[in-house]
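S.K.: The structure is given below, and queries will be raised subsequently.
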Amino acid sequence: MIKLENIVYEVDGVNILDGVNLQIEQGEVFVIMGTSGAGKTTILRLLNGLLRPTSGRVIIDGEDITELTEREMTPIRRRVALVFQSAALFDSLPVWANVGFAWRKQRMPKDELRRRVQKILALVGLDGVEDRMPAELSGGMQKRVSLARAVAMEPDVILYDEPTSGLDPITSRKILDLMVELQHRLQVTSVVVTHDLQVASQIGTRVALLHEGKIAFIGSPTELYESPQSIVQEFVAGG
């Protein structure tokens, strides 16, 4: 469903990604790991069209998106939703307006919009918060609202950028459980960027390890731990 073909992404003469090839199958939870600055988040932004590669192709369900205009990217972004690390909620809008942002161009009665929002908030375990402002929510609740906003788009793919970053262990566990539940209920493909080996072990179907702009390893979480490659062993030991 998703392919990266010979992707190079260059910034100021430095290759952040250097010939990356990936194929992510429909319905799997594909985890991308690596040290800070390895290019993990860059891959997510390429998949969502927020960045364009210096060279190579990004293919979503058979369509090369690298040359699409911003207007042509709009339906792609509805199918490939990005959950930002910082939640990236609109601070000036209440929760219901944040979650309902995907329907802003539809002339939908407000009571129908709120009914839909309440249903999605219940799906992510948040009831009765639709009138709160983002600043009134905990970090974990903001992450859930961000996920609800992505789910509202009815995507085929959900991209997660460090979904447990900055959260305590209990809240992290709840977020991971929610991701797994949504995976099964919505039958989406998930691409998860994380530096946390526990996240990869708990939810990953396959794991890719980025090192110096290249894919150093692809395999199951078990294969990651058992790999004899020195760079993999060093990463696992450091995690």
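Scheme for the structure tokens: letters A, B, ... for chains in order shown; per-chain residue numbers from 1; ligand numbers from 1 in order shown.
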Give me the residues near Val124 of chain A as a ChimeraX atom specification, where near means some atom within 12 Å (using only C-alpha atoms) and where sequence neighbours in that chain fewer than 2 positions away do not count.
M.R.: /A:99,117-122,126-127,129,140-152,174-182,185
S.K.: Please return as a list in words: the residues of segment 81-217 of chain A that backbone DSSP assigns to strand (DSSP E or B).
M.R.: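 Matching residues, listed in order: Ala81, Leu82, Val83, Val157, Ile158, Leu159, Tyr160, Asp161, Thr189, Ser190, Val191, Val192, Val193, Arg206, Val207, Ala208, Leu209, Leu210, His211, Lys214, Ile215, Ala216 and Phe217 of chain A.
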S.K.: Restricted to N, CA, C and O atoms, what would the selected residues look like written as a compact mmCIF listing (two decimals), in the first residue's frame?
M.R.:
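As a result, part.txt now contains:
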# COMPACT_ATOMS: atom_id res chain seq x y z
N ALA A 81 -3.57 10.27 7.59
CA ALA A 81 -3.66 11.25 8.68
C ALA A 81 -2.40 11.22 9.53
O ALA A 81 -1.86 10.16 9.83
N LEU A 82 -1.95 12.39 9.94
CA LEU A 82 -0.73 12.52 10.75
C LEU A 82 -1.10 12.99 12.15
O LEU A 82 -1.75 14.02 12.33
N VAL A 83 -0.68 12.20 13.16
CA VAL A 83 -0.85 12.57 14.56
C VAL A 83 0.49 13.12 15.04
O VAL A 83 1.46 12.38 15.20
N VAL A 157 -4.67 5.29 6.49
CA VAL A 157 -3.36 5.22 7.14
C VAL A 157 -3.30 6.26 8.24
O VAL A 157 -3.74 7.40 8.05
N ILE A 158 -2.76 5.87 9.40
CA ILE A 158 -2.51 6.84 10.46
C ILE A 158 -1.01 6.84 10.74
O ILE A 158 -0.40 5.80 10.99
N LEU A 159 -0.42 8.03 10.69
CA LEU A 159 1.00 8.22 10.96
C LEU A 159 1.14 8.79 12.37
O LEU A 159 0.55 9.82 12.68
N TYR A 160 1.92 8.14 13.21
CA TYR A 160 2.11 8.58 14.59
C TYR A 160 3.55 9.05 14.79
O TYR A 160 4.48 8.28 14.59
N ASP A 161 3.72 10.28 15.23
CA ASP A 161 5.05 10.80 15.51
C ASP A 161 5.27 10.79 17.03
O ASP A 161 4.71 11.61 17.75
N THR A 189 -3.84 1.09 8.35
CA THR A 189 -2.41 0.84 8.37
C THR A 189 -1.78 1.90 9.26
O THR A 189 -2.10 3.08 9.13
N SER A 190 -0.90 1.48 10.16
CA SER A 190 -0.27 2.43 11.08
C SER A 190 1.23 2.47 10.84
O SER A 190 1.87 1.42 10.71
N VAL A 191 1.76 3.69 10.79
CA VAL A 191 3.21 3.89 10.71
C VAL A 191 3.59 4.71 11.94
O VAL A 191 3.10 5.82 12.13
N VAL A 192 4.44 4.14 12.78
CA VAL A 192 4.74 4.72 14.09
C VAL A 192 6.23 5.07 14.17
O VAL A 192 7.08 4.19 14.02
N VAL A 193 6.53 6.33 14.41
CA VAL A 193 7.89 6.76 14.67
C VAL A 193 8.10 6.82 16.18
O VAL A 193 7.29 7.44 16.89
N ARG A 206 6.30 -4.96 12.14
CA ARG A 206 7.69 -4.93 11.68
C ARG A 206 8.34 -3.64 12.15
O ARG A 206 7.66 -2.65 12.42
N VAL A 207 9.66 -3.68 12.20
CA VAL A 207 10.44 -2.54 12.67
C VAL A 207 11.53 -2.24 11.65
O VAL A 207 12.19 -3.15 11.14
N ALA A 208 11.70 -0.95 11.34
CA ALA A 208 12.83 -0.50 10.53
C ALA A 208 13.72 0.37 11.39
O ALA A 208 13.23 1.22 12.14
N LEU A 209 15.03 0.17 11.30
CA LEU A 209 15.98 0.99 12.03
C LEU A 209 16.74 1.86 11.05
O LEU A 209 17.38 1.38 10.11
N LEU A 210 16.63 3.18 11.25
CA LEU A 210 17.34 4.15 10.42
C LEU A 210 18.69 4.48 11.05
O LEU A 210 18.79 4.70 12.26
N HIS A 211 19.71 4.53 10.20
CA HIS A 211 21.04 4.90 10.68
C HIS A 211 21.76 5.66 9.58
O HIS A 211 21.92 5.14 8.46
N LYS A 214 20.05 5.83 6.16
CA LYS A 214 19.78 4.58 5.44
C LYS A 214 19.05 3.60 6.35
O LYS A 214 19.09 3.72 7.58
N ILE A 215 18.38 2.63 5.73
CA ILE A 215 17.73 1.57 6.50
C ILE A 215 18.79 0.53 6.87
O ILE A 215 19.35 -0.14 6.01
N ALA A 216 19.04 0.41 8.17
CA ALA A 216 20.05 -0.54 8.64
C ALA A 216 19.45 -1.91 8.93
O ALA A 216 20.17 -2.92 8.93
N PHE A 217 18.13 -1.94 9.18
CA PHE A 217 17.49 -3.21 9.56
C PHE A 217 15.99 -3.11 9.29
O PHE A 217 15.38 -2.07 9.51
S.K.: Tell me which protein, DNA and RNA residues are within 12 Å of Glu25 of chain A, counting only C-alpha atoms, leaving out same-chain ones fewer than 3 positions away, and put them as a VMD selection string.
M.R.: chain A and resid 1 to 4 22 28 to 30 60 to 61 156 to 157 188 to 191 205 to 206
S.K.: What does the file look like for those residues with C-alpha atoms, as a PDB file, in the first residue's frame?
M.R.:
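Result file is part04.pdb:
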ATOM      1  CA  MET A   1       0.000   0.000   0.000  1.00  0.00           C
ATOM      2  CA  ILE A   2       2.894   2.366   0.783  1.00  0.00           C
ATOM      3  CA  LYS A   3       6.262   2.437  -0.953  1.00  0.00           C
ATOM      4  CA  LEU A   4       9.317   4.616  -0.674  1.00  0.00           C
ATOM      5  CA  LEU A  22      10.483   0.743   2.207  1.00  0.00           C
ATOM      6  CA  GLU A  28       0.259  -3.645   9.514  1.00  0.00           C
ATOM      7  CA  VAL A  29       1.797  -1.595  12.304  1.00  0.00           C
ATOM      8  CA  PHE A  30       5.151  -0.513  10.880  1.00  0.00           C
ATOM      9  CA  ILE A  60       0.447   5.591  -1.846  1.00  0.00           C
ATOM     10  CA  ASP A  61      -1.862   2.817  -3.034  1.00  0.00           C
ATOM     11  CA  ASP A 156      -6.715   4.441   5.497  1.00  0.00           C
ATOM     12  CA  VAL A 157      -3.360   5.217   7.135  1.00  0.00           C
ATOM     13  CA  VAL A 188      -6.092   1.012   9.195  1.00  0.00           C
ATOM     14  CA  THR A 189      -2.411   0.837   8.367  1.00  0.00           C
ATOM     15  CA  SER A 190      -0.272   2.433  11.076  1.00  0.00           C
ATOM     16  CA  VAL A 191       3.208   3.894  10.710  1.00  0.00           C
ATOM     17  CA  THR A 205       4.333  -5.865  13.200  1.00  0.00           C
ATOM     18  CA  ARG A 206       7.690  -4.929  11.682  1.00  0.00           C
TER      19      ARG A 206
END
S.K.: Of the residues A:Ser172, A:Thr74, A:Gln229, A:Thr194, which is the one nearest to Leu44 of chain A, using only C-alpha atoms?
M.R.: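 Residue with the minimum atom-to-atom distance to Leu44 of chain A: A:Thr194.
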S.K.: I'd like the neighbourhood of Gly19 of chain A as a PyMOL selection string, where a residue qualifies if any of its atoms comes within 10 Å (using only C-alpha atoms), though same-chain residues fewer than 5 positions away should be ignored.
M.R.: chain A and resi 4-9+55-56+213-215
S.K.: Quick one: everything within 8 Å of Arg77 of chain A, counting only C-alpha atoms, minus sequence neighbours fewer than 4 positions away in the same chain. Send it as a ChimeraX atom specification.
M.R.: /A:48-49,73,81
